[in-house]
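Colleague: Supplied in structure tokens, the structure appears directly below.
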Amino acid sequence: MTSLKQGVFRILSDMKAVYNFICEGRIKRDSERIRVGFLCQYIPAWNKTQPVYDAMKEDERFQVFLICVPSGISDQKLVNPDLEENDTYDYFQNHGYEAVNALTGRNSWLDLEQMKLDYVFCSRPYNSYMPRPYISSKVSRYSKICCLVYGMSMTKPIQEMVLNRDFFRNVYYYFAECDYARQVNLRHHNCLNKLGFQKNVYLGMPALTQILEAKKEKSPAWDFSGNEFKVMWTPRWTSAPDLGGTNFFLYKDVLLEYAEEHKDMDFLFRPHPLMFDNFIRTGEMTEEEIKAYKDRVESLPNVSFDREQEYGAAFWASSVLISDISSILPEYFVTGKPLIYCASNMVLEPTDMTVRLFEGCYVVYNSKELFSCLWELKNGRDSLAEKRREIARELFGDMENASTRIVEALVKDRYR
């Protein structure tokens with residue numbers, strides 16, 4: 001598509017978004033309580049939104065609904081057109097939530113408009129993962145869309161990509177994960193903001209509140225562990241330099257060899273959920289190679305895969321995190337525990353926040369540096385401990401009250 005055509009398309013799409021905002025604004029609200037729906041689909045991201053959900057659940061001014069969408073959706077088409085089961089709904093039901101099943105029959109969906117929701121929270125900002133009735137341009141006709149993105153973008157180009165115009169032009173209230181993200185979205189939709197159809201604010205990161213609360217929980221992921229020194233490893237899902245790069249292939253074998261030689265350390269591997277499927281798709285690994293690798297991991301008594309959906313408790317039970325570029329870096333920072341960042345072939349420009357985070361990480365470029373760093377930390381030599389605390393205070397500040405600020409912002413908006 002040429003630049004001229006792209007420009008015309010964006011103008012027409014923004015005009016349609018304005019029309020939807022106007023339609024929604026004309027709807028009369030009968031309920032005195034503020035009715036809020038949380039569209040939940042990507043379970044590992046629930047901890048980003050849960051603190052806000054919990055705060056509203058305890059607030060008599062709100063009536064909240066947890067609306068569960070199946071995970072097996074892509075490009076507005078069900079991977080299985082005869083899908084009759086909702087894995088997301090089953091998960092939340094099994095964990096004691098009062099959940100609503102969005103899948104009402106074979107490829108049949110709950111009518112959100114009939115629920116008369118004032119606000120609908122989305123944490124996965126991609127229309128391609130939602131059934132067509134729930135894409136942002138349709139929901140915005142009858143409810144105000146709020147967005148808390150499930151991950152913090154650590155590089156400027158990826159931040160631009162995450163804040164895709166297709167979804168975000170229909171978002172009424174974007175509770176940005178950092179001020180840089182707020183500025184990017186403001187630039188993308190400056191006209192809509194000036195006309196009062198959108199709001200972009202940074203009020204803190206509720207996800208960090210959830211990490212703090214997870215300190216009280218026991219982590220089943222470490223049930224295999226009998227050692228005091230516990231190492232987590234979170235390799236990235238892609239080797240593409242323009243998407244951040246991964247160190248999985250650099251460390252996947254040497255880490256297992258190191259674990260075999262150091263039985264007094266335990267290792268928990270938590271690769272990105274998309275990693276192995278992506279390596280099959282790109283031809284970097286075969287299904288047989290992945291199975292052989294997983295079997296080797298499971299054969300070692302002091303190594304395991306983290307199969308839990310949520311990871312906050314596993315963070316607190318760990319001693320150190322080894323990670324590629326990832327949005328979990330700021331979350332792990334909250335624990336105050338040491339971070340080892342594995343430098344990659346990344347060609348992307350990091351955000352200012354990412355650069356500051358790196359100052360509190362041990363940055364390594366090869367296995368020799370990695371194992372030297374692990375040995376130092378195991379023996380209690382953590383020279384960056386105070387630096388991490390300083391950076392956490394500077395970047396994240398009053399973490400505990402982020403959810404309260406978001407709740408009060410919606411109260412003020414609803415009753416203005």
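Ligands are numbered from 1 in the order shown, residues from 1 within each chain, and chains are lettered A, B, ... in the order they appear in the structure tokens.
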For stretch 131-138 of chain A, list every protein, DNA or RNA residue within 6 Å, evaluated using only C-alpha atoms, and leave out those in the same chain fewer than 2 positions away; present the list as number ranges by chain.
Modeller: A: 76, 127, 140-141, 167, 170
Colleague: Skip A:Tyr172 itself and residues of its chain fewer than 3 positions away, then list as a list in words all residues within 8 Å of it, counting only C-alpha atoms.
Modeller: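 With the cut-off at 8 Å, the set is Lys144, Ile145, Cys146, Phe197, Gln198 and Lys199 of chain A.
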Colleague: Can you list, as a list in words, all residues belonging to stretch 218-267 of chain A that DSSP tags as strand (DSSP E or B)?
Modeller: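 Secondary structure check on stretch 218-267 of chain A, strand (DSSP E or B): Phe229, Lys230, Val231, Met232, Trp233, Thr234, Met265, Asp266 and Phe267 of chain A.
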Colleague: Store the residues picked out above in a file with C-alpha atoms, as a PDB file, in the first residue's frame.
Modeller:
ATOM      1  CA  PHE A 229      20.180 -21.460  45.069  1.00  0.00           C
ATOM      2  CA  LYS A 230      17.467 -21.381  42.383  1.00  0.00           C
ATOM      3  CA  VAL A 231      18.022 -20.093  38.848  1.00  0.00           C
ATOM      4  CA  MET A 232      15.240 -19.112  36.426  1.00  0.00           C
ATOM      5  CA  TRP A 233      15.864 -18.806  32.685  1.00  0.00           C
ATOM      6  CA  THR A 234      13.458 -17.003  30.309  1.00  0.00           C
ATOM      7  CA  MET A 265      21.882 -25.479  42.076  1.00  0.00           C
ATOM      8  CA  ASP A 266      18.348 -25.841  40.700  1.00  0.00           C
ATOM      9  CA  PHE A 267      17.232 -24.512  37.309  1.00  0.00           C
TER      10      PHE A 267
END
Colleague: Which of these residues is nearest to A:Tyr362, using only C-alpha atoms: A:Asp382, A:Val347, A:Leu339, A:Pro44?
Modeller: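 Once distances to A:Tyr362 are computed over only C-alpha atoms, the minimum belongs to A:Leu339.
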Colleague: Report the residues of stretch 357-405 of chain A whose backbone DSSP state falls under alpha helix (DSSP H), written as number ranges by chain.
Modeller: A: 357-358, 367-378, 385-396, 402-405
Colleague: Taking into account only C-alpha atoms, which residue in the set A:Ile22, A:Ile27, A:Met152, A:Ala402 is nearest to A:Pro330?
Modeller: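 The answer is A:Met152, which sits nearest to A:Pro330.
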Colleague: Between A:Gly196, A:Pro241, A:Pro220, A:Pro206, which one has atoms that come closest to A:Thr49, using only C-alpha atoms?
Modeller: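 For A:Thr49, the nearest of the given residues is A:Pro206.
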